[in-house]
$ cat coords36.csv   # CSV, C-alpha atoms
chain,number,residue,atom,x,y,z
O,2,MET,CA,-44.5,-19.2,-25.0
O,3,LYS,CA,-42.2,-22.1,-24.7
O,4,GLY,CA,-40.4,-21.2,-27.9
O,5,LEU,CA,-39.9,-17.6,-26.6
O,6,ILE,CA,-38.3,-18.9,-23.4
O,7,LEU,CA,-36.0,-21.1,-25.4
O,8,LEU,CA,-35.1,-18.2,-27.6
O,9,PHE,CA,-34.2,-16.1,-24.6
O,10,ALA,CA,-32.2,-19.0,-23.1
O,11,ALA,CA,-30.3,-19.4,-26.3
O,12,ALA,CA,-29.5,-15.7,-26.4
O,13,ALA,CA,-28.3,-15.8,-22.8
O,14,LEU,CA,-26.0,-18.7,-23.6
O,15,SER,CA,-24.7,-16.9,-26.7
O,16,LEU,CA,-23.8,-13.8,-24.7
O,17,SER,CA,-22.2,-16.0,-22.0
O,18,ALA,CA,-20.1,-17.7,-24.6
O,19,LEU,CA,-18.9,-14.3,-25.9
O,20,ALA,CA,-17.7,-13.4,-22.4
O,21,GLN,CA,-15.6,-16.6,-22.1
O,22,THR,CA,-11.9,-16.4,-22.4
O,23,PRO,CA,-10.7,-18.8,-25.1
O,24,LYS,CA,-9.1,-22.0,-23.8
O,25,ASN,CA,-6.0,-21.6,-26.0
O,26,VAL,CA,-5.8,-17.9,-25.5
O,27,LYS,CA,-2.7,-16.1,-26.9
O,28,TYR,CA,-1.3,-13.4,-24.7
O,29,VAL,CA,0.4,-10.1,-25.5
O,30,PHE,CA,2.4,-8.6,-22.6
O,31,THR,CA,3.2,-5.0,-21.6
O,32,GLU,CA,5.7,-3.9,-19.0
O,33,ALA,CA,3.8,-2.4,-16.1
O,34,SER,CA,6.2,0.6,-15.8
O,35,GLU,CA,5.1,1.5,-19.4
O,36,LEU,CA,1.6,2.0,-18.1
O,37,ASN,CA,0.9,4.3,-15.1
O,38,LEU,CA,2.8,3.3,-12.0
O,39,ILE,CA,1.5,5.2,-8.9
O,40,GLY,CA,2.3,5.4,-5.2
O,41,LYS,CA,6.1,6.0,-5.6
O,42,ILE,CA,7.7,8.3,-3.1
O,43,HIS,CA,10.6,8.9,-5.5
O,44,ASP,CA,9.7,8.8,-9.2
O,45,ASN,CA,13.2,8.4,-10.7
O,46,THR,CA,14.7,5.1,-9.5
O,47,PRO,CA,16.9,3.0,-11.8
O,48,ASN,CA,14.6,0.1,-11.2
O,49,PRO,CA,11.0,1.5,-11.6
O,50,TYR,CA,9.7,-0.9,-9.0
O,51,HIS,CA,12.1,0.2,-6.3
O,52,ARG,CA,10.8,2.9,-3.9
O,53,VAL,CA,14.3,4.3,-3.1
O,54,ASP,CA,17.5,4.4,-5.1
O,55,THR,CA,19.8,2.6,-2.7
O,56,VAL,CA,22.9,3.6,-4.6
O,57,LYS,CA,22.1,7.3,-4.1
O,58,TYR,CA,20.9,7.1,-0.5
O,59,LYS,CA,23.3,5.4,2.0
O,60,GLY,CA,23.1,4.3,5.6
O,61,PHE,CA,20.5,1.5,5.3
O,62,THR,CA,21.0,-1.7,7.1
O,63,ALA,CA,20.8,-4.9,5.0
O,64,SER,CA,17.2,-5.4,6.0
O,65,GLU,CA,16.2,-1.8,5.3
O,66,ASN,CA,18.0,-1.9,1.9
O,67,LYS,CA,15.9,-4.9,0.9
O,68,GLN,CA,12.7,-3.3,2.1
O,69,VAL,CA,13.0,0.0,0.3
O,70,ARG,CA,13.6,-2.0,-2.9
O,71,CYS,CA,10.2,-3.8,-2.7
O,72,PRO,CA,7.1,-2.1,-4.3
O,73,ALA,CA,4.9,-1.9,-1.2
O,74,GLY,CA,2.1,0.6,-1.8
O,75,MET,CA,2.7,0.8,-5.5
O,76,ALA,CA,0.0,0.0,-8.1
O,77,VAL,CA,-0.4,0.0,-11.9
O,78,LEU,CA,-3.3,1.9,-13.5
O,79,PHE,CA,-4.5,0.8,-16.9
O,80,LYS,CA,-7.5,0.4,-19.2
O,81,THR,CA,-8.3,-2.8,-21.1
O,82,ASN,CA,-11.1,-4.6,-22.9
O,83,SER,CA,-9.5,-8.0,-22.4
O,84,THR,CA,-11.5,-10.8,-20.9
O,85,VAL,CA,-8.4,-12.0,-19.1
O,86,ILE,CA,-5.6,-10.4,-17.2
O,87,THR,CA,-2.4,-12.2,-16.3
O,88,VAL,CA,1.0,-11.3,-14.8
O,89,LYS,CA,4.6,-12.6,-15.4
O,90,THR,CA,7.1,-11.6,-12.8
O,91,ASP,CA,10.9,-11.5,-12.7
O,92,PHE,CA,11.6,-11.6,-8.9
O,93,GLY,CA,14.8,-10.4,-7.2
O,94,TRP,CA,14.8,-11.5,-3.6
O,95,GLU,CA,11.6,-13.0,-2.1
O,96,TRP,CA,10.3,-12.9,1.5
O,97,GLU,CA,8.5,-15.6,3.3
O,98,SER,CA,6.1,-15.2,6.2
O,99,VAL,CA,3.7,-17.1,8.5
O,100,SER,CA,1.6,-14.1,9.4
O,101,THR,CA,1.2,-12.5,5.9
O,102,MET,CA,-0.5,-14.1,2.9
O,103,PRO,CA,1.7,-14.9,-0.1
O,104,ILE,CA,-0.8,-13.0,-2.2
O,105,ALA,CA,0.2,-9.9,-0.2
O,106,TYR,CA,4.0,-10.3,0.1
O,107,ARG,CA,4.7,-11.7,-3.4
O,108,GLY,CA,1.4,-11.6,-5.3
O,109,TYR,CA,-1.0,-9.2,-7.0
O,110,ASP,CA,-4.3,-7.6,-5.9
O,111,LEU,CA,-6.7,-6.4,-8.7
O,112,TYR,CA,-9.4,-3.7,-8.3
O,113,ILE,CA,-11.7,-2.6,-11.2
O,114,LYS,CA,-13.8,0.6,-11.1
O,115,LYS,CA,-17.5,0.1,-11.1
O,116,ASP,CA,-20.1,2.9,-10.8
O,117,GLY,CA,-17.3,5.3,-9.9
O,118,LYS,CA,-15.9,3.1,-7.1
O,119,TRP,CA,-12.9,0.8,-6.9
O,120,ILE,CA,-14.3,-2.7,-6.4
O,121,TYR,CA,-12.2,-5.7,-5.5
O,122,ALA,CA,-11.9,-8.1,-8.5
O,123,GLU,CA,-9.4,-10.9,-7.9
O,124,SER,CA,-5.9,-11.6,-6.5
O,125,GLY,CA,-3.3,-14.3,-6.7
O,126,ALA,CA,0.3,-15.3,-6.4
O,127,THR,CA,2.6,-17.9,-8.0
O,128,LYS,CA,4.4,-20.4,-5.8
O,129,HIS,CA,7.7,-19.4,-4.1
O,130,GLY,CA,10.6,-19.9,-6.5
O,131,SER,CA,8.5,-19.6,-9.6
O,132,LYS,CA,10.3,-18.7,-12.9
O,133,SER,CA,9.9,-15.4,-14.7
O,134,GLU,CA,8.1,-17.2,-17.6
O,135,ASP,CA,5.4,-18.5,-15.3
O,136,ASN,CA,2.2,-16.8,-16.3
O,137,LEU,CA,-0.2,-16.0,-13.4
O,138,VAL,CA,-3.8,-15.7,-14.4
O,139,ILE,CA,-5.3,-13.0,-12.2
O,140,ILE,CA,-8.8,-13.0,-13.7
O,141,ARG,CA,-10.6,-14.5,-16.7
O,142,ASN,CA,-14.0,-14.8,-18.3
O,143,MET,CA,-14.9,-11.1,-18.0
O,144,ASP,CA,-16.9,-9.3,-20.7
O,145,ASP,CA,-15.1,-7.3,-23.4
O,146,SER,CA,-16.1,-3.9,-22.3
O,147,GLU,CA,-13.4,-1.4,-21.4
O,148,LYS,CA,-12.4,-1.6,-17.8
O,149,GLU,CA,-10.4,0.7,-15.6
O,150,CYS,CA,-8.0,-1.4,-13.5
O,151,MET,CA,-5.7,-0.9,-10.5
O,152,LEU,CA,-3.3,-3.7,-9.8
O,153,TYR,CA,-1.4,-3.6,-6.5
O,154,LEU,CA,2.2,-5.0,-6.6
O,155,PRO,CA,3.9,-7.3,-4.1
O,156,ILE,CA,4.4,-5.6,-0.7
O,157,TYR,CA,7.5,-7.5,0.4
O,158,SER,CA,9.4,-9.0,-2.5
O,159,GLU,CA,11.8,-7.3,-5.0
O,160,VAL,CA,10.8,-7.3,-8.6
O,161,TYR,CA,12.8,-6.6,-11.7
O,162,SER,CA,10.0,-6.9,-14.2
O,163,VAL,CA,6.2,-7.0,-14.1
O,164,GLN,CA,4.5,-7.9,-17.4
O,165,ILE,CA,0.8,-7.6,-17.7
O,166,GLY,CA,-0.8,-10.0,-20.1
O,167,ILE,CA,-4.0,-9.6,-22.1
O,168,GLN,CA,-5.5,-11.7,-24.9
O,169,GLU,CA,-4.3,-11.1,-28.4
O,170,GLY,CA,-6.4,-8.5,-30.2
O,171,ALA,CA,-7.5,-6.7,-27.0
O,172,LYS,CA,-6.3,-3.2,-26.0
O,173,ILE,CA,-4.4,-2.0,-23.0
O,174,GLU,CA,-3.3,1.5,-22.3
O,175,PRO,CA,-2.3,3.7,-19.3
O,176,LEU,CA,-5.1,5.0,-17.1
O,177,GLU,CA,-4.8,8.6,-15.9
O,178,SER,CA,-4.7,8.6,-12.1
O,179,PRO,CA,-7.8,9.7,-10.4
O,180,PHE,CA,-5.9,10.1,-7.1
O,181,LYS,CA,-5.1,13.7,-6.2
O,182,HIS,CA,-2.0,15.3,-4.5
O,183,ARG,CA,1.0,13.5,-3.1
O,184,ILE,CA,0.8,12.5,0.5
O,185,GLY,CA,4.0,10.8,1.8
O,186,ILE,CA,3.7,8.2,4.6
O,187,PHE,CA,6.6,6.8,6.6
O,188,GLY,CA,6.0,4.0,9.0
O,189,SER,CA,6.5,0.6,10.5
O,190,SER,CA,5.3,-2.9,9.6
O,191,PHE,CA,1.8,-1.5,10.1
O,192,THR,CA,2.2,1.0,7.3
O,193,HIS,CA,4.1,-1.7,5.3
O,194,GLY,CA,1.0,-3.9,5.4
O,195,ILE,CA,2.3,-6.9,7.4
O,196,SER,CA,-0.4,-9.5,8.2
O,197,THR,CA,-2.7,-8.3,5.4
O,198,SER,CA,-4.2,-10.9,3.1
O,199,ARG,CA,-3.5,-8.9,0.0
O,200,GLY,CA,-1.7,-5.7,-1.0
O,201,GLY,CA,-4.7,-3.4,-1.2
O,202,MET,CA,-5.7,-4.0,2.4
O,203,SER,CA,-3.0,-2.1,4.2
O,204,TYR,CA,-4.4,1.0,6.0
O,205,PRO,CA,-2.6,3.5,3.7
O,206,MET,CA,-4.1,1.8,0.6
O,207,GLN,CA,-7.6,1.6,2.1
O,208,PHE,CA,-7.3,5.3,3.1
O,209,MET,CA,-6.3,6.1,-0.5
O,210,ARG,CA,-9.3,4.4,-2.0
O,211,ASN,CA,-11.6,5.9,0.5
O,212,THR,CA,-10.4,9.5,0.1
O,213,GLY,CA,-9.1,9.8,-3.5
O,214,LEU,CA,-5.8,11.1,-2.1
O,215,GLN,CA,-2.6,9.5,-3.5
O,216,ILE,CA,-0.5,7.9,-0.8
O,217,LEU,CA,3.2,7.4,-1.3
O,218,SER,CA,4.3,4.7,1.1
O,219,LEU,CA,7.6,4.2,2.7
O,220,GLY,CA,6.5,1.6,5.2
O,221,CYS,CA,9.5,-0.4,6.4
O,222,SER,CA,8.7,-3.3,8.7
O,223,GLY,CA,10.5,-3.0,12.1
O,224,ASN,CA,12.7,-0.2,10.7
O,225,CYS,CA,10.8,3.1,11.1
O,226,LYS,CA,12.8,4.7,13.8
O,227,MET,CA,13.2,8.3,12.6
O,228,GLN,CA,16.7,7.6,11.3
O,229,PRO,CA,18.6,10.5,9.8
O,230,TYR,CA,19.2,8.6,6.5
O,231,PHE,CA,15.5,7.9,6.2
O,232,ALA,CA,14.9,11.6,6.8
O,233,ASP,CA,17.2,12.3,3.8
O,234,VAL,CA,14.9,10.3,1.6
O,235,LEU,CA,11.8,12.1,2.9
O,236,CYS,CA,13.5,15.5,2.5
O,237,ASP,CA,14.0,14.9,-1.2
O,238,ALA,CA,10.5,13.6,-1.8
O,239,LYS,CA,8.0,15.8,-3.7
O,240,VAL,CA,5.0,15.8,-1.4
O,241,ASP,CA,2.1,18.0,-0.3
O,242,ALA,CA,2.0,16.5,3.2
O,243,PHE,CA,3.4,13.8,5.4
O,244,ILE,CA,1.8,11.2,7.7
O,245,PHE,CA,4.0,9.4,10.1
O,246,ASP,CA,3.6,6.1,12.0
O,247,SER,CA,6.9,6.7,13.7
O,248,PHE,CA,6.3,5.6,17.3
O,249,SER,CA,5.7,1.9,16.7
O,250,ASN,CA,9.2,0.7,16.2
O,251,PRO,CA,11.5,2.8,18.5
O,252,ASP,CA,11.6,2.4,22.2
O,253,ALA,CA,10.8,5.3,24.6
O,254,LYS,CA,14.4,6.5,24.8
O,255,MET,CA,14.9,6.5,21.1
O,256,ILE,CA,11.7,8.5,20.6
O,257,GLU,CA,12.9,11.1,23.1
O,258,GLU,CA,16.3,11.4,21.5
O,259,ARG,CA,15.2,11.5,17.8
O,260,LEU,CA,11.7,13.1,17.5
O,261,PHE,CA,12.6,16.9,17.6
O,262,PRO,CA,15.7,16.6,15.4
O,263,PHE,CA,13.6,14.5,12.9
O,264,ILE,CA,10.9,17.2,12.8
O,265,GLU,CA,13.4,20.0,12.3
O,266,LYS,CA,15.2,18.2,9.5
O,267,ILE,CA,11.9,17.5,7.6
O,268,GLN,CA,10.6,21.0,8.2
O,269,ALA,CA,13.8,22.6,6.9
O,270,ALA,CA,13.3,20.7,3.6
O,271,HIS,CA,9.5,21.1,3.5
O,272,PRO,CA,8.5,24.4,5.1
O,273,GLY,CA,4.8,25.0,5.4
O,274,ILE,CA,3.5,21.5,4.7
O,275,PRO,CA,1.6,19.5,7.4
O,276,LEU,CA,3.4,16.8,9.3
O,277,ILE,CA,0.8,14.5,10.8
O,278,PHE,CA,2.1,12.1,13.5
O,279,GLN,CA,0.1,9.1,14.6
O,280,GLN,CA,0.2,7.5,18.0
O,281,THR,CA,1.2,3.9,17.9
O,282,ILE,CA,-1.8,1.6,18.1
O,283,TYR,CA,-2.7,-0.8,20.9
O,284,ARG,CA,-1.1,-4.2,20.4
O,285,GLU,CA,-3.0,-7.2,21.6
O,286,GLY,CA,0.1,-8.7,23.0
O,287,ARG,CA,-0.4,-6.3,25.9
O,288,ASN,CA,-3.6,-8.1,27.0
O,289,PHE,CA,-1.7,-10.6,29.2
O,290,GLY,CA,2.0,-9.9,28.4
O,291,VAL,CA,3.3,-7.7,31.3
O,292,ALA,CA,6.6,-6.8,29.7
O,293,THR,CA,4.9,-5.9,26.4
O,294,ASP,CA,2.4,-3.8,28.2
O,295,ASN,CA,5.0,-1.9,30.1
O,296,SER,CA,7.1,-1.3,26.9
O,297,GLU,CA,4.1,-0.2,24.8
O,298,LYS,CA,2.8,2.0,27.6
O,299,ALA,CA,6.1,3.8,27.9
O,300,LYS,CA,6.2,4.4,24.2
O,301,GLN,CA,2.7,5.8,24.1
O,302,GLU,CA,3.3,8.0,27.1
O,303,ILE,CA,6.5,9.6,25.8
O,304,ALA,CA,5.0,10.0,22.3
O,305,ALA,CA,2.0,11.8,23.8
O,306,LYS,CA,4.1,14.0,26.0
O,307,LEU,CA,6.6,15.0,23.3
O,308,MET,CA,3.9,15.6,20.7
O,309,LYS,CA,2.0,17.9,23.0
O,310,GLU,CA,5.2,19.9,23.2
O,311,ALA,CA,6.0,19.6,19.5
O,312,CYS,CA,2.5,20.9,18.4
O,313,LYS,CA,3.2,24.0,20.4
O,314,LYS,CA,6.8,24.4,19.5
O,315,TYR,CA,6.5,23.8,15.7
O,316,LYS,CA,4.0,25.2,13.2
O,317,ASP,CA,2.3,22.7,10.9
O,318,VAL,CA,2.8,19.7,13.2
O,319,TYR,CA,-0.1,17.6,14.3
O,320,PHE,CA,-0.8,14.5,16.5
O,321,ILE,CA,-3.7,12.1,16.0
O,322,GLU,CA,-4.7,8.7,17.6
O,323,PRO,CA,-5.6,5.8,15.3
O,324,ASN,CA,-7.6,2.8,16.3
O,325,ALA,CA,-7.2,-0.7,14.9
O,326,SER,CA,-9.0,-2.7,17.6
O,327,LEU,CA,-12.5,-3.7,18.8
O,328,PRO,CA,-13.4,-4.0,22.5
O,329,SER,CA,-13.1,-7.7,22.1
O,330,HIS,CA,-9.4,-7.3,20.9
O,331,ASP,CA,-9.8,-9.9,18.3
O,332,THR,CA,-8.8,-7.9,15.2
O,333,SER,CA,-5.2,-9.1,15.4
O,334,VAL,CA,-3.3,-11.8,13.5
O,335,ASP,CA,-0.3,-12.3,15.8
O,336,ALA,CA,-1.0,-10.1,18.8
O,337,THR,CA,1.1,-7.3,17.1
O,338,HIS,CA,-0.4,-6.7,13.6
O,339,PRO,CA,-4.0,-6.1,12.8
O,340,ASP,CA,-5.9,-8.3,10.4
O,341,ASP,CA,-7.6,-6.9,7.3
O,342,TYR,CA,-10.6,-5.6,9.4
O,343,GLY,CA,-8.2,-4.1,11.9
O,344,TYR,CA,-6.6,-2.1,9.1
O,345,THR,CA,-10.0,-1.1,7.9
O,346,LEU,CA,-10.7,0.3,11.4
O,347,TRP,CA,-7.4,2.1,11.3
O,348,ALA,CA,-8.0,3.7,7.9
O,349,LYS,CA,-11.5,4.9,9.0
O,350,SER,CA,-10.3,6.2,12.3
O,351,ILE,CA,-7.8,8.6,10.8
O,352,GLU,CA,-9.9,9.7,7.8
O,353,LYS,CA,-11.8,12.6,9.5
O,354,PRO,CA,-8.9,14.1,11.4
O,355,VAL,CA,-6.4,13.8,8.5
O,356,LEU,CA,-8.9,15.3,6.0
O,357,LYS,CA,-9.7,18.1,8.5
O,358,ILE,CA,-6.0,19.0,8.8
O,359,LEU,CA,-5.3,18.7,5.1
O,360,LYS,CA,-8.2,21.0,4.3
O,361,LYS,CA,-6.4,23.8,6.0
O,362,TYR,CA,-3.7,23.5,3.3
O,363,GLY,CA,-6.1,23.3,0.4
O,364,ILE,CA,-5.6,19.6,0.1
O,365,LYS,CA,-9.0,17.9,-0.5
$ encode --input "coords36.csv" --output "structure tokens"
Amino acid sequence: MKGLILLFAAAALSLSALAQTPKNVKYVFTEASELNLIGKIHDNTPNPYHRVDTVKYKGFTASENKQVRCPAGMAVLFKTNSTVITVKTDFGWEWESVSTMPIAYRGYDLYIKKDGKWIYAESGATKHGSKSEDNLVIIRNMDDSEKECMLYLPIYSEVYSVQIGIQEGAKIEPLESPFKHRIGIFGSSFTHGISTSRGGMSYPMQFMRNTGLQILSLGCSGNCKMQPYFADVLCDAKVDAFIFDSFSNPDAKMIEERLFPFIEKIQAAHPGIPLIFQQTIYREGRNFGVATDNSEKAKQEIAAKLMKEACKKYKDVYFIEPNASLPSHDTSVDATHPDDYGYTLWAKSIEKPVLKILKKYGIK
């Protein structure tokens, strides 16, 4: 009996050893854009990791120009049997934040499919100012079975090159996207994913994993104000539907001036597709900040008033109310942005109403 136990123990140790990544592993690198890059609102950009071609589209402020060049909401799909996955990055400009984890704004977030579901695997980031030859090990010591992987890219730093490394002798190839349709989303820092711990935790990305619908994010922190030049970008996007978080950044006066022209411009380019507008969420800065409360209340009131009119005036226009808070109001990082759980609440709160609307258009 003792011998049998020792035999099983030896076998277990042997299998464990087979799963270990070699200490002196040699890597082979593949450019991420040569695999399957998803989540882009415009497919053909000179830099494959830019969301918008800023040479073609004009009018952006310096801040907006930077933001649309970062790959927020984009992910790489691939299959590999490697026991280790690494990344080498050639950065352009890099953001710094006190309210958002470096893993989110300049790092990587890995999910691997298990039993038909996307399961969080690992995440990481190099230090600010790292060189392109620095090799970031995302995960090691996996078994050598074929794995379906989804790697989220940095949400708020520009990248020129993303090279995915596997061990020499292993295989890597593009994974066909399981996500259906093309749902564009334009929004504020909330949609961008500010205050998340990692790229996969923004509410659009959680909604995407929960529903299987591909979300094409144009989240721009502080800069989603229904500007005509942003509308130009959206007009040229190939989409089946739009979701908007467009009342979080502009003040009440701007909402009143811009909403209807914005709707009309988008509808002229995309007749017959659903335009789903979200009310701005409750910001915890309102709890004791009187000025903030007054400003946020004014925005919410004018948005509700105008959207009631818009839903009657325009066909295919809808208005929904998301929620990112608990009664305790402790799901915020900085009294403005939700934490990861707040974004989870947001994603779940819009799931049923959005799916109900999209079903009318055969999108499911």
$ closest_atom_pairs --input "coords36.csv" --of "range 181-203 of chain O" --to "range 77-100 of chain O" --cutoff "10 Å" --atoms "all atoms listed in the file" --output "tab-separated table"
residue	atom	partner	partner_atom	distance
O:Ile195	CA	O:Ser100	CA	7.5
O:Ser196	CA	O:Ser100	CA	5.2
O:Thr197	CA	O:Ser100	CA	8.3
O:Ser198	CA	O:Ser100	CA	9.1
$ write_last_selection --input "coords36.csv" --atoms "C-alpha atoms" --output "short mmCIF file (atom, residue, chain, number, x, y, z; two decimals), in the frame of the given file"
data_model
loop_
_atom_site.label_atom_id
_atom_site.label_comp_id
_atom_site.auth_asym_id
_atom_site.auth_seq_id
_atom_site.Cartn_x
_atom_site.Cartn_y
_atom_site.Cartn_z
CA ILE O 195 2.30 -6.90 7.40
CA SER O 196 -0.40 -9.50 8.20
CA THR O 197 -2.70 -8.30 5.40
CA SER O 198 -4.20 -10.90 3.10
#
$ closest_residue --input "coords36.csv" --among "O:Tyr153, O:Phe208, O:Tyr283, O:Tyr109" --to "Thr345 in chain O" --atoms "all atoms listed in the file"
O:Phe208
$ residues_around --input "coords36.csv" --residues "Phe187 in chain O" --least-positions-apart "2" --cutoff "10 Å" --atoms "all atoms listed in the file" --output "PDB file with C-alpha atoms, in the coordinates of the input"
ATOM      1  CA  ILE O  42       7.700   8.300  -3.100  1.00  0.00           C
ATOM      2  CA  GLY O 185       4.000  10.800   1.800  1.00  0.00           C
ATOM      3  CA  SER O 189       6.500   0.600  10.500  1.00  0.00           C
ATOM      4  CA  THR O 192       2.200   1.000   7.300  1.00  0.00           C
ATOM      5  CA  HIS O 193       4.100  -1.700   5.300  1.00  0.00           C
ATOM      6  CA  LEU O 217       3.200   7.400  -1.300  1.00  0.00           C
ATOM      7  CA  SER O 218       4.300   4.700   1.100  1.00  0.00           C
ATOM      8  CA  LEU O 219       7.600   4.200   2.700  1.00  0.00           C
ATOM      9  CA  GLY O 220       6.500   1.600   5.200  1.00  0.00           C
ATOM     10  CA  CYS O 221       9.500  -0.400   6.400  1.00  0.00           C
ATOM     11  CA  CYS O 225      10.800   3.100  11.100  1.00  0.00           C
ATOM     12  CA  LYS O 226      12.800   4.700  13.800  1.00  0.00           C
ATOM     13  CA  MET O 227      13.200   8.300  12.600  1.00  0.00           C
ATOM     14  CA  PHE O 231      15.500   7.900   6.200  1.00  0.00           C
ATOM     15  CA  ALA O 232      14.900  11.600   6.800  1.00  0.00           C
ATOM     16  CA  LEU O 235      11.800  12.100   2.900  1.00  0.00           C
ATOM     17  CA  PHE O 243       3.400  13.800   5.400  1.00  0.00           C
ATOM     18  CA  ILE O 244       1.800  11.200   7.700  1.00  0.00           C
ATOM     19  CA  PHE O 245       4.000   9.400  10.100  1.00  0.00           C
ATOM     20  CA  ASP O 246       3.600   6.100  12.000  1.00  0.00           C
ATOM     21  CA  SER O 247       6.900   6.700  13.700  1.00  0.00           C
ATOM     22  CA  PHE O 278       2.100  12.100  13.500  1.00  0.00           C
TER      23      PHE O 278
END
$ residues_near_point --input "coords36.csv" --point "(-8.7, -12.6, 16.1)" --cutoff "12 Å" --atoms "only C-alpha atoms" --output "ChimeraX atom specification"
/O:196,285-286,326-343
$ closest_residue --input "coords36.csv" --among "O:Lys115, O:Ile282, O:Leu154, O:Asp252" --to "Phe191 in chain O" --atoms "all atoms listed in the file"
O:Ile282
$ atom_distance --input "coords36.csv" --atom1 "CA of Ile120 in chain O" --atom2 "CA of Ile216 in chain O"
18.3 Å
$ closest_residue --input "coords36.csv" --among "O:Leu307, O:Cys236, O:Val163, O:Ile186" --to "Met206 in chain O" --atoms "all atoms listed in the file"
O:Ile186
$ residues_around --input "coords36.csv" --residues "Tyr121 in chain O" --least-positions-apart "3" --cutoff "8 Å" --atoms "all atoms listed in the file" --output "short mmCIF file (atom, residue, chain, number, x, y, z; two decimals) with C-alpha atoms, in the coordinates of the input"
data_model
loop_
_atom_site.label_atom_id
_atom_site.label_comp_id
_atom_site.auth_asym_id
_atom_site.auth_seq_id
_atom_site.Cartn_x
_atom_site.Cartn_y
_atom_site.Cartn_z
CA LEU O 111 -6.70 -6.40 -8.70
CA TYR O 112 -9.40 -3.70 -8.30
CA ILE O 113 -11.70 -2.60 -11.20
#
$ atom_distance --input "coords36.csv" --atom1 "CA of Ala253 in chain O" --atom2 "CA of Ala270 in chain O"
26.2 Å
$ closest_residue --input "coords36.csv" --among "O:Asn324, O:Thr293, O:Ser158, O:Thr22" --to "Ser350 in chain O" --atoms "all atoms listed in the file"
O:Asn324
$ atom_distance --input "coords36.csv" --atom1 "CA of Asp241 in chain O" --atom2 "CA of Leu260 in chain O"
20.8 Å
$ closest_residue --input "coords36.csv" --among "O:Tyr161, O:Gly117, O:Arg259, O:Arg107" --to "His51 in chain O" --atoms "all atoms listed in the file"
O:Tyr161
$ residues_around --input "coords36.csv" --residues "Ala33 in chain O" --least-positions-apart "4" --cutoff "8 Å" --atoms "all atoms listed in the file" --output "PyMOL selection string"
chain O and resi 37-38+77+162-165
$ residues_near_point --input "coords36.csv" --point "(-1.8, 13.8, -4.5)" --cutoff "8 Å" --atoms "only C-alpha atoms" --output "PDB file with C-alpha atoms, in the coordinates of the input"
ATOM      1  CA  PHE O 180      -5.900  10.100  -7.100  1.00  0.00           C
ATOM      2  CA  LYS O 181      -5.100  13.700  -6.200  1.00  0.00           C
ATOM      3  CA  HIS O 182      -2.000  15.300  -4.500  1.00  0.00           C
ATOM      4  CA  ARG O 183       1.000  13.500  -3.100  1.00  0.00           C
ATOM      5  CA  ILE O 184       0.800  12.500   0.500  1.00  0.00           C
ATOM      6  CA  LEU O 214      -5.800  11.100  -2.100  1.00  0.00           C
ATOM      7  CA  GLN O 215      -2.600   9.500  -3.500  1.00  0.00           C
ATOM      8  CA  ILE O 216      -0.500   7.900  -0.800  1.00  0.00           C
ATOM      9  CA  VAL O 240       5.000  15.800  -1.400  1.00  0.00           C
ATOM     10  CA  ASP O 241       2.100  18.000  -0.300  1.00  0.00           C
TER      11      ASP O 241
END
$ closest_residue --input "coords36.csv" --among "O:Gly273, O:Ile173, O:Met75, O:Lys360" --to "Glu32 in chain O" --atoms "all atoms listed in the file"
O:Ile173
$ residues_around --input "coords36.csv" --residues "Lys27 in chain O" --least-positions-apart "2" --cutoff "8 Å" --atoms "all atoms listed in the file" --output "PyMOL selection string"
chain O and resi 25+29+168-169
$ write_last_selection --input "coords36.csv" --atoms "C-alpha atoms" --output "CSV table (one decimal), in the coordinates of the input"
chain,number,residue,atom,x,y,z
O,25,ASN,CA,-6.0,-21.6,-26.0
O,29,VAL,CA,0.4,-10.1,-25.5
O,168,GLN,CA,-5.5,-11.7,-24.9
O,169,GLU,CA,-4.3,-11.1,-28.4
$ residues_around --input "coords36.csv" --residues "Lys349 in chain O" --least-positions-apart "2" --cutoff "9 Å" --atoms "only C-alpha atoms" --output "list in words"
Tyr204, Gln207, Phe208, Asn211, Pro323, Asn324, Tyr344, Thr345, Leu346, Trp347, Ile351, Glu352 and Lys353 of chain O
$ build_atoms --input "coords36.csv" --residues "range 38-44 of chain O" --atoms "N, CA and C atoms" --output "compact mmCIF listing (two decimals), in the frame of the given file"
# COMPACT_ATOMS: atom_id res chain seq x y z
N LEU O 38 2.36 3.86 -13.29
CA LEU O 38 2.80 3.30 -12.00
C LEU O 38 2.61 4.44 -10.94
N ILE O 39 1.76 4.19 -9.94
CA ILE O 39 1.50 5.20 -8.90
C ILE O 39 1.95 4.73 -7.55
N GLY O 40 2.01 5.68 -6.60
CA GLY O 40 2.30 5.40 -5.20
C GLY O 40 3.82 5.40 -4.90
N LYS O 41 4.66 5.92 -5.81
CA LYS O 41 6.10 6.00 -5.60
C LYS O 41 6.49 7.26 -4.87
N ILE O 42 7.24 7.15 -3.80
CA ILE O 42 7.70 8.30 -3.10
C ILE O 42 8.78 9.06 -3.80
N HIS O 43 9.59 8.31 -4.58
CA HIS O 43 10.60 8.90 -5.50
C HIS O 43 10.33 8.36 -6.87
N ASP O 44 10.11 9.24 -7.82
CA ASP O 44 9.70 8.80 -9.20
C ASP O 44 10.90 8.20 -9.95
